[in-house]
file start18.tsv (TSV, C-alpha atoms)
chain	number	residue	atom	x	y	z
L	163	MET	CA	-13.15	-26.06	-9.46
L	164	ARG	CA	-13.43	-28.76	-12.13
L	165	GLU	CA	-9.79	-29.74	-11.55
L	166	SER	CA	-10.41	-29.78	-7.80
L	167	ARG	CA	-13.31	-32.20	-8.21
L	168	LEU	CA	-11.19	-34.44	-10.43
L	169	ARG	CA	-8.41	-34.50	-7.85
L	170	THR	CA	-10.91	-35.26	-5.13
L	171	ALA	CA	-12.35	-38.16	-7.12
L	172	THR	CA	-8.87	-39.48	-7.87
L	173	ASP	CA	-7.22	-39.03	-4.47
L	174	GLN	CA	-10.36	-39.74	-2.41
L	175	ARG	CA	-9.55	-36.77	-0.22
L	176	ASP	CA	-11.80	-33.96	0.97
L	177	THR	CA	-10.45	-30.90	-0.85
L	178	GLY	CA	-13.84	-29.30	-1.51
L	179	TRP	CA	-15.78	-26.61	0.31
L	180	THR	CA	-15.52	-28.11	3.80
L	181	PRO	CA	-13.19	-25.89	5.86
L	182	PRO	CA	-10.81	-27.37	8.42
L	183	PRO	CA	-12.20	-27.45	11.96
L	184	GLY	CA	-11.24	-24.85	14.55
L	185	ARG	CA	-10.74	-21.86	12.23
L	186	GLY	CA	-13.97	-20.15	13.20
L	187	ASP	CA	-15.45	-20.33	9.71
L	188	PHE	CA	-19.11	-19.52	9.18
L	189	PRO	CA	-21.11	-21.13	6.34
L	190	ILE	CA	-20.01	-20.07	2.87
L	191	TRP	CA	-23.54	-19.03	1.92
L	192	VAL	CA	-23.53	-16.52	4.77
L	193	GLY	CA	-20.38	-14.89	3.45
L	194	ILE	CA	-21.73	-14.76	-0.09
L	195	ALA	CA	-25.05	-13.35	1.12
L	196	LEU	CA	-23.29	-10.61	3.13
L	197	TRP	CA	-21.15	-9.68	0.14
L	198	VAL	CA	-24.16	-9.57	-2.21
L	199	PHE	CA	-26.09	-7.42	0.29
L	200	ALA	CA	-23.20	-4.96	0.73
L	201	THR	CA	-22.58	-4.76	-3.02
L	202	CYS	CA	-26.26	-4.18	-3.81
L	203	PHE	CA	-26.34	-1.50	-1.11
L	204	TYR	CA	-23.44	0.34	-2.78
L	205	ILE	CA	-25.08	-0.04	-6.19
L	206	ALA	CA	-28.29	1.52	-4.87
L	207	LEU	CA	-26.34	4.26	-3.08
L	208	CYS	CA	-24.41	5.17	-6.25
L	209	ARG	CA	-27.66	5.16	-8.18
L	210	ILE	CA	-29.15	7.66	-5.72
L	211	LEU	CA	-26.05	9.87	-5.55
L	212	VAL	CA	-25.36	9.91	-9.31
L	213	PRO	CA	-28.73	9.23	-10.97
L	214	GLY	CA	-27.58	10.30	-14.43
L	215	PHE	CA	-24.75	7.78	-14.67
L	216	PRO	CA	-25.54	4.46	-16.43
L	217	TRP	CA	-26.36	2.04	-13.62
L	218	VAL	CA	-25.17	-0.92	-15.71
L	219	PHE	CA	-21.59	0.06	-14.86
L	220	PHE	CA	-22.34	-0.19	-11.14
L	221	ILE	CA	-23.73	-3.70	-11.56
L	222	PHE	CA	-20.82	-4.75	-13.79
L	223	PHE	CA	-18.14	-3.52	-11.40
L	224	GLY	CA	-19.86	-4.79	-8.28
L	225	LEU	CA	-21.25	-8.20	-9.24
L	226	ILE	CA	-19.10	-9.26	-12.20
L	227	TRP	CA	-15.75	-7.51	-12.39
L	228	THR	CA	-14.89	-7.47	-8.68
L	229	PRO	CA	-15.31	-11.26	-8.15
L	230	ILE	CA	-13.34	-12.14	-11.31
L	231	GLU	CA	-10.47	-9.74	-10.63
L	232	SER	CA	-10.31	-10.71	-6.96
L	233	TYR	CA	-10.23	-14.43	-7.72
L	234	VAL	CA	-7.56	-14.17	-10.42
L	235	SER	CA	-5.41	-11.81	-8.36
L	236	ALA	CA	-5.73	-13.96	-5.23
L	237	ARG	CA	-4.64	-17.04	-7.17
L	238	VAL	CA	-1.64	-15.24	-8.66
L	239	ARG	CA	-0.65	-13.81	-5.27
L	240	GLY	CA	-0.77	-17.29	-3.77
L	241	ILE	CA	1.23	-18.87	-6.61
L	242	ALA	CA	3.73	-16.16	-7.57
L	243	GLY	CA	3.31	-13.41	-4.96
L	244	GLN	CA	2.42	-10.85	-7.61
L	245	TYR	CA	-0.49	-8.42	-7.84
L	246	ILE	CA	-2.69	-8.65	-10.91
L	247	GLY	CA	-5.01	-5.88	-11.99
L	248	ILE	CA	-5.90	-3.98	-15.14
L	249	PRO	CA	-4.92	-0.34	-14.59
L	250	PHE	CA	-7.39	2.51	-15.07
L	251	GLU	CA	-10.42	0.31	-15.83
L	252	ARG	CA	-12.53	2.50	-13.54
L	253	GLU	CA	-11.34	5.71	-15.16
L	254	ALA	CA	-11.84	4.30	-18.65
L	255	ALA	CA	-15.41	3.27	-17.80
L	256	PHE	CA	-16.24	6.78	-16.58
L	257	ILE	CA	-14.81	8.44	-19.68
L	258	LEU	CA	-16.24	6.00	-22.24
L	259	SER	CA	-19.69	6.07	-20.63
L	260	GLY	CA	-20.27	9.52	-22.08
L	261	TYR	CA	-21.36	10.93	-18.71
L	262	LYS	CA	-20.70	14.62	-18.10
L	263	GLY	CA	-20.01	15.74	-14.56
L	264	VAL	CA	-17.36	15.41	-11.87
L	265	ASP	CA	-19.64	13.90	-9.20
L	266	ILE	CA	-19.09	10.35	-10.50
L	267	TRP	CA	-15.42	10.51	-9.43
L	268	PHE	CA	-16.48	10.85	-5.79
L	269	ALA	CA	-19.17	8.16	-5.79
L	270	PRO	CA	-18.49	4.95	-3.78
L	271	ILE	CA	-18.25	2.65	-6.81
L	272	PRO	CA	-18.46	-1.02	-5.72
L	273	GLN	CA	-15.18	-1.94	-7.38
L	274	LYS	CA	-12.44	-3.48	-5.26
L	275	ASN	CA	-9.76	-6.14	-5.51
L	276	TYR	CA	-10.13	-8.43	-2.48
L	277	ALA	CA	-6.97	-10.45	-3.14
L	278	GLY	CA	-5.22	-8.76	-0.22
L	279	ILE	CA	-8.02	-9.86	2.13
L	280	ALA	CA	-7.66	-13.46	0.95
L	281	GLU	CA	-3.93	-13.24	1.61
L	282	GLN	CA	-4.61	-11.83	5.07
L	283	PHE	CA	-6.97	-14.73	5.84
L	284	ARG	CA	-4.24	-17.16	4.87
L	285	VAL	CA	-1.81	-15.44	7.24
L	286	VAL	CA	-4.43	-15.57	9.99
L	287	GLU	CA	-4.87	-19.29	9.38
L	288	LEU	CA	-1.11	-19.91	9.54
L	289	THR	CA	-0.83	-18.05	12.85
L	290	GLY	CA	-3.68	-20.08	14.35
L	291	THR	CA	-5.97	-17.08	14.84
L	292	ARG	CA	-9.69	-17.72	14.56
L	293	PHE	CA	-11.59	-15.81	11.91
L	294	THR	CA	-14.22	-14.85	14.47
L	295	SER	CA	-11.47	-13.19	16.53
L	296	ILE	CA	-10.54	-11.04	13.53
L	297	LEU	CA	-14.21	-10.16	13.05
L	298	TRP	CA	-14.61	-9.04	16.68
L	299	ALA	CA	-11.35	-7.07	16.48
L	300	GLU	CA	-12.66	-5.21	13.41
L	301	ILE	CA	-15.99	-4.50	15.14
L	302	TRP	CA	-14.27	-3.02	18.20
L	303	MET	CA	-11.61	-1.23	16.17
L	304	PHE	CA	-13.96	0.64	13.82
L	305	PRO	CA	-15.51	3.11	16.31
L	306	ILE	CA	-12.14	3.68	18.00
L	307	VAL	CA	-10.34	4.43	14.74
L	308	LEU	CA	-13.21	6.60	13.47
L	309	THR	CA	-13.31	8.70	16.64
L	310	ALA	CA	-9.53	8.99	16.93
L	311	SER	CA	-9.27	9.98	13.27
L	312	PHE	CA	-11.63	12.93	13.70
L	313	VAL	CA	-9.71	14.01	16.81
L	314	TYR	CA	-6.35	13.89	15.03
L	315	TRP	CA	-7.66	15.61	11.90
L	316	GLN	CA	-9.08	18.43	13.97
L	317	PHE	CA	-5.89	18.70	16.01
L	318	LEU	CA	-3.66	18.83	12.93
L	319	TRP	CA	-5.89	21.43	11.28
L	320	LYS	CA	-5.89	23.61	14.39
L	321	LEU	CA	-2.09	23.57	14.61
L	322	ALA	CA	-1.62	25.40	11.30
L	323	GLU	CA	-3.20	25.87	7.91
L	324	ILE	CA	-2.75	23.12	5.35
L	325	PRO	CA	-0.71	23.66	3.22
L	326	SER	CA	1.72	25.89	5.09
L	327	VAL	CA	5.35	25.95	6.19
L	328	GLN	CA	4.35	23.81	9.18
L	329	TYR	CA	3.54	20.98	6.77
L	330	PRO	CA	6.40	21.03	4.24
L	331	TYR	CA	5.39	17.86	2.39
L	332	ALA	CA	1.86	19.12	1.76
L	333	GLN	CA	3.20	22.51	0.77
L	334	LYS	CA	5.61	20.90	-1.72
L	335	PHE	CA	3.39	18.29	-3.34
L	336	TRP	CA	-0.18	19.60	-3.08
L	337	GLN	CA	0.05	21.21	-6.52
L	338	LEU	CA	1.22	17.95	-8.10
L	339	ALA	CA	-1.54	15.98	-6.36
L	340	SER	CA	-4.16	18.55	-7.37
L	341	LEU	CA	-3.00	18.49	-10.98
L	342	ASN	CA	-3.14	14.69	-11.12
L	343	SER	CA	-6.67	14.75	-9.70
L	344	ALA	CA	-7.77	17.50	-12.08
L	345	LEU	CA	-6.54	15.47	-15.06
L	346	TRP	CA	-9.13	12.80	-14.32
L	347	TYR	CA	-11.95	14.94	-12.95
L	348	THR	CA	-12.03	17.19	-16.00
L	349	ALA	CA	-12.15	14.21	-18.38
L	350	THR	CA	-15.92	14.01	-17.82
L	351	ALA	CA	-16.49	17.74	-17.43
L	352	GLU	CA	-17.94	20.08	-20.00
L	353	GLY	CA	-15.56	22.27	-21.89
L	354	ASN	CA	-11.84	22.34	-21.19
L	355	ALA	CA	-10.50	18.85	-20.37
L	356	PHE	CA	-6.94	18.69	-19.06
L	357	LEU	CA	-6.70	14.95	-19.71
L	358	LEU	CA	-7.17	15.26	-23.46
L	359	LYS	CA	-4.43	17.90	-23.54
L	360	ALA	CA	-2.12	15.83	-21.36
L	361	LEU	CA	-2.44	12.74	-23.54
L	362	LYS	CA	0.35	12.77	-26.13
L	363	TRP	CA	-0.47	10.03	-28.62
L	364	GLN	CA	2.87	10.43	-30.38
L	365	VAL	CA	4.74	9.88	-27.11
L	366	ALA	CA	2.54	6.89	-26.26
L	367	ALA	CA	3.13	5.37	-29.71
L	368	ILE	CA	6.90	5.85	-29.46
L	369	ALA	CA	6.97	4.36	-25.95
L	370	GLY	CA	4.84	1.37	-26.99
L	371	GLY	CA	6.90	0.76	-30.11
L	372	SER	CA	10.14	1.03	-28.15
L	373	ALA	CA	8.92	-1.50	-25.60
L	374	PHE	CA	7.90	-3.91	-28.38
L	375	VAL	CA	11.26	-3.59	-30.14
L	376	ALA	CA	13.15	-3.99	-26.86
L	377	TYR	CA	11.15	-7.13	-26.06
L	378	GLN	CA	12.03	-8.66	-29.43
L	379	VAL	CA	15.71	-7.76	-29.09
L	380	PHE	CA	15.95	-9.16	-25.55
L	381	SER	CA	14.18	-12.35	-26.62
L	382	PHE	CA	16.50	-12.83	-29.60
L	383	PHE	CA	19.67	-12.41	-27.54
L	384	LYS	CA	18.28	-14.44	-24.57
L	385	LEU	CA	18.54	-11.45	-22.23
L	386	PRO	CA	16.37	-11.10	-19.10
L	387	ILE	CA	12.98	-9.69	-20.04
L	388	THR	CA	12.48	-8.47	-16.48
L	389	MET	CA	14.89	-5.61	-17.19
L	390	ILE	CA	12.24	-4.01	-19.44
L	391	TYR	CA	9.65	-4.17	-16.67
L	392	GLY	CA	12.21	-2.81	-14.21
L	393	VAL	CA	12.93	0.21	-16.41
L	394	ILE	CA	9.22	0.92	-16.93
L	395	ARG	CA	8.54	0.57	-13.22
L	396	GLY	CA	11.43	2.84	-12.33
L	397	LEU	CA	10.15	5.61	-14.58
L	398	GLY	CA	7.05	5.99	-12.43
L	399	TYR	CA	8.84	6.33	-9.09
L	400	LEU	CA	10.43	9.31	-7.41
L	401	PRO	CA	14.23	9.13	-6.98
L	402	LEU	CA	13.94	9.11	-3.19
L	403	SER	CA	12.03	5.81	-3.45
L	404	ILE	CA	13.79	3.99	-6.29
L	405	LEU	CA	17.46	4.84	-5.64
L	406	PRO	CA	17.71	3.15	-2.19
L	407	GLU	CA	15.99	0.11	-3.68
L	408	ILE	CA	18.58	-0.07	-6.46
L	409	VAL	CA	21.44	0.24	-3.97
L	410	GLY	CA	19.97	-2.52	-1.82
L	411	ALA	CA	19.48	-4.80	-4.83
L	412	VAL	CA	23.08	-4.30	-5.95
L	413	ILE	CA	24.44	-5.04	-2.45
L	414	ALA	CA	22.30	-8.16	-2.20
L	415	GLN	CA	23.23	-9.43	-5.65
L	416	PHE	CA	26.98	-8.91	-5.53
L	417	TYR	CA	27.79	-9.27	-1.82
L	418	LEU	CA	25.11	-10.88	0.32
L	419	ILE	CA	24.02	-13.68	-2.04
L	420	PRO	CA	27.60	-14.83	-2.80
L	421	ARG	CA	28.38	-14.80	0.91
L	422	TYR	CA	25.27	-16.48	2.36
L	423	GLY	CA	23.79	-18.24	-0.67
L	424	ALA	CA	20.57	-17.38	-2.49
L	425	LYS	CA	18.33	-19.65	-0.40
L	426	GLN	CA	19.71	-18.57	2.97
L	427	TRP	CA	19.73	-14.91	2.01
L	428	LYS	CA	16.03	-15.02	1.08
L	429	LEU	CA	15.29	-16.28	4.58
L	430	TYR	CA	17.38	-13.50	6.09
L	431	ALA	CA	15.81	-10.91	3.78
L	432	THR	CA	12.30	-11.82	4.91
L	433	VAL	CA	13.20	-11.30	8.57
L	434	LEU	CA	15.10	-8.09	7.79
L	435	CYS	CA	12.17	-6.71	5.78
L	436	ALA	CA	9.72	-7.42	8.61
L	437	GLY	CA	12.03	-5.89	11.21
L	438	PHE	CA	12.77	-2.85	9.06
L	439	SER	CA	9.06	-2.24	8.45
L	440	CYS	CA	8.27	-2.47	12.16
L	441	GLY	CA	11.18	-0.17	12.98
L	442	MET	CA	10.13	2.37	10.38
L	443	GLY	CA	6.60	2.37	11.80
L	444	LEU	CA	7.82	2.95	15.35
L	445	ILE	CA	10.30	5.65	14.33
L	446	GLY	CA	7.69	7.34	12.13
L	447	MET	CA	5.10	7.45	14.93
L	448	ALA	CA	7.70	8.74	17.38
L	449	CYS	CA	8.72	11.52	15.00
L	450	VAL	CA	5.09	12.44	14.36
L	451	ALA	CA	4.42	12.60	18.10
L	452	VAL	CA	7.46	14.83	18.71
L	453	ALA	CA	6.52	17.10	15.79
L	454	MET	CA	2.92	17.42	16.99
L	455	ILE	CA	4.04	18.29	20.53
L	456	GLN	CA	6.56	20.82	19.22
L	457	ARG	CA	4.00	22.56	16.98
L	458	SER	CA	1.34	22.59	19.66
L	459	VAL	CA	3.55	24.58	22.06
L	460	SER	CA	3.44	28.33	21.46
L	461	GLN	CA	6.88	29.91	21.26
L	462	LEU	CA	7.23	33.35	22.79
L	463	PRO	CA	9.48	35.90	21.05
L	464	PHE	CA	11.58	36.45	24.20

call {"tool": "encode", "arguments": {"input": "start18.tsv", "output": "structure tokens"}}
result
Amino acid sequence: MRESRLRTATDQRDTGWTPPPGRGDFPIWVGIALWVFATCFYIALCRILVPGFPWVFFIFFGLIWTPIESYVSARVRGIAGQYIGIPFEREAAFILSGYKGVDIWFAPIPQKNYAGIAEQFRVVELTGTRFTSILWAEIWMFPIVLTASFVYWQFLWKLAEIPSVQYPYAQKFWQLASLNSALWYTATAEGNAFLLKALKWQVAAIAGGSAFVAYQVFSFFKLPITMIYGVIRGLGYLPLSILPEIVGAVIAQFYLIPRYGAKQWKLYATVLCAGFSCGMGLIGMACVAVAMIQRSVSQLPF
């Protein structure tokens, strides 16, 4: 903000808090007041639901950490298109607080990164949509989505038990999801804690040391440091997600970029990504509809 004021004084241009006309902006103090009210409401709600947990953490996450993380992440997304966030800060706060009980993991902690909302507002501005139109759309959409969600949940549950052979993904991965959840929930429970058993300090030390050595070696030989981040990122993904991405990257690097040029290919890739995402959404909804109709029809044995 200091740099913005200096530029304004130097360039004699209005780059301050005054929004451009026609966007449907409401006064900035109204937005801040609404956010403070909602955050204080969640702080009070968490205090009522989990009275034994230190309330200082609720205030810190809601009124201090969320604005800082959202601002920094929004700036980085606008400049470099990358997401910034410290992983597991919420989990670390629960464990280090000394609180015993699993109820804190289900409390609506007022901790959120709003960088994605800022990015969405920028897209809305570029498309010429008024902010008030988005607000009215959200107001009308909420009761519809809420009602439809309960209808679909009840319908899916009535079709067959979950997990069961009718839902192969849930049947395959529910144990893994339950184990991952239990690792965190038991970290603040009395007695046997799965998380402390799952943490292998020797493995963590070897992994951290290896990353440090690899960084020094790559820096010395002028090799791309991004390869280290790519390897670390790939270790956390399932093969069905990471392998097609690798194949696409290789095709783009060795065939499409030499043929169309890096600048032109990036323009094509943006359009292809948008079209592919829309197509996947349509195909996915069509498949879900067909599967739901098929499972809702009783098959006779003759």

call {"tool": "axis_aligned_box", "arguments": {"input": "start18.tsv", "around": "region 254-261 of chain L", "padding_each_side": "3 Å", "output": "JSON"}}
result
{"center_x": -16.6, "center_y": 7.1, "center_z": -19.4, "size_x": 15.5, "size_y": 13.7, "size_z": 11.7}

call {"tool": "atom_distance", "arguments": {"input": "start18.tsv", "atom1": "CA of Thr350 (chain L)", "atom2": "CA of Ile257 (chain L)"}}
result
6.0 Å

call {"tool": "closest_atom_pairs", "arguments": {"input": "start18.tsv", "of": "region 245-297 of chain L", "to": "region 329-344 of chain L", "cutoff": "12 Å", "atoms": "all atoms listed in the file", "output": "tab-separated table"}}
result
residue	atom	partner	partner_atom	distance
L:Glu253	CA	L:Ser343	CA	11.5
L:Val264	CA	L:Ala344	CA	9.8
L:Trp267	CA	L:Ser343	CA	9.7
L:Phe268	CA	L:Ser343	CA	11.3

call {"tool": "closest_residue", "arguments": {"input": "start18.tsv", "among": "L:Leu418, L:Ala277, L:Ile190, L:Met454", "to": "Val238 (chain L)", "atoms": "only C-alpha atoms"}}
result
L:Ala277

call {"tool": "closest_residue", "arguments": {"input": "start18.tsv", "among": "L:Ala254, L:Leu434, L:Val379, L:Ala236", "to": "Arg284 (chain L)", "atoms": "all atoms listed in the file"}}
result
L:Ala236

call {"tool": "closest_residue", "arguments": {"input": "start18.tsv", "among": "L:Ile205, L:Ile226, L:Ile408, L:Ala310", "to": "Gly396 (chain L)", "atoms": "only C-alpha atoms"}}
result
L:Ile408

call {"tool": "residues_around", "arguments": {"input": "start18.tsv", "residues": "Ile230 (chain L)", "least_positions_apart": "3", "cutoff": "12 Å", "atoms": "all atoms listed in the file", "output": "list in words"}}
result
Phe222, Phe223, Gly224, Leu225, Ile226, Trp227, Tyr233, Val234, Ser235, Ala236, Arg237, Ile246, Gly247, Ile248, Gln273, Lys274, Asn275, Tyr276 and Ala277 of chain L

call {"tool": "atom_distance", "arguments": {"input": "start18.tsv", "atom1": "CA of Gln415 (chain L)", "atom2": "CA of Lys428 (chain L)"}}
result
11.3 Å

call {"tool": "closest_residue", "arguments": {"input": "start18.tsv", "among": "L:Gly278, L:Gln364, L:Gly186, L:Trp197", "to": "Ser295 (chain L)", "atoms": "all atoms listed in the file"}}
result
L:Gly186

call {"tool": "atom_distance", "arguments": {"input": "start18.tsv", "atom1": "CA of Ile271 (chain L)", "atom2": "CA of Glu300 (chain L)"}}
result
22.4 Å
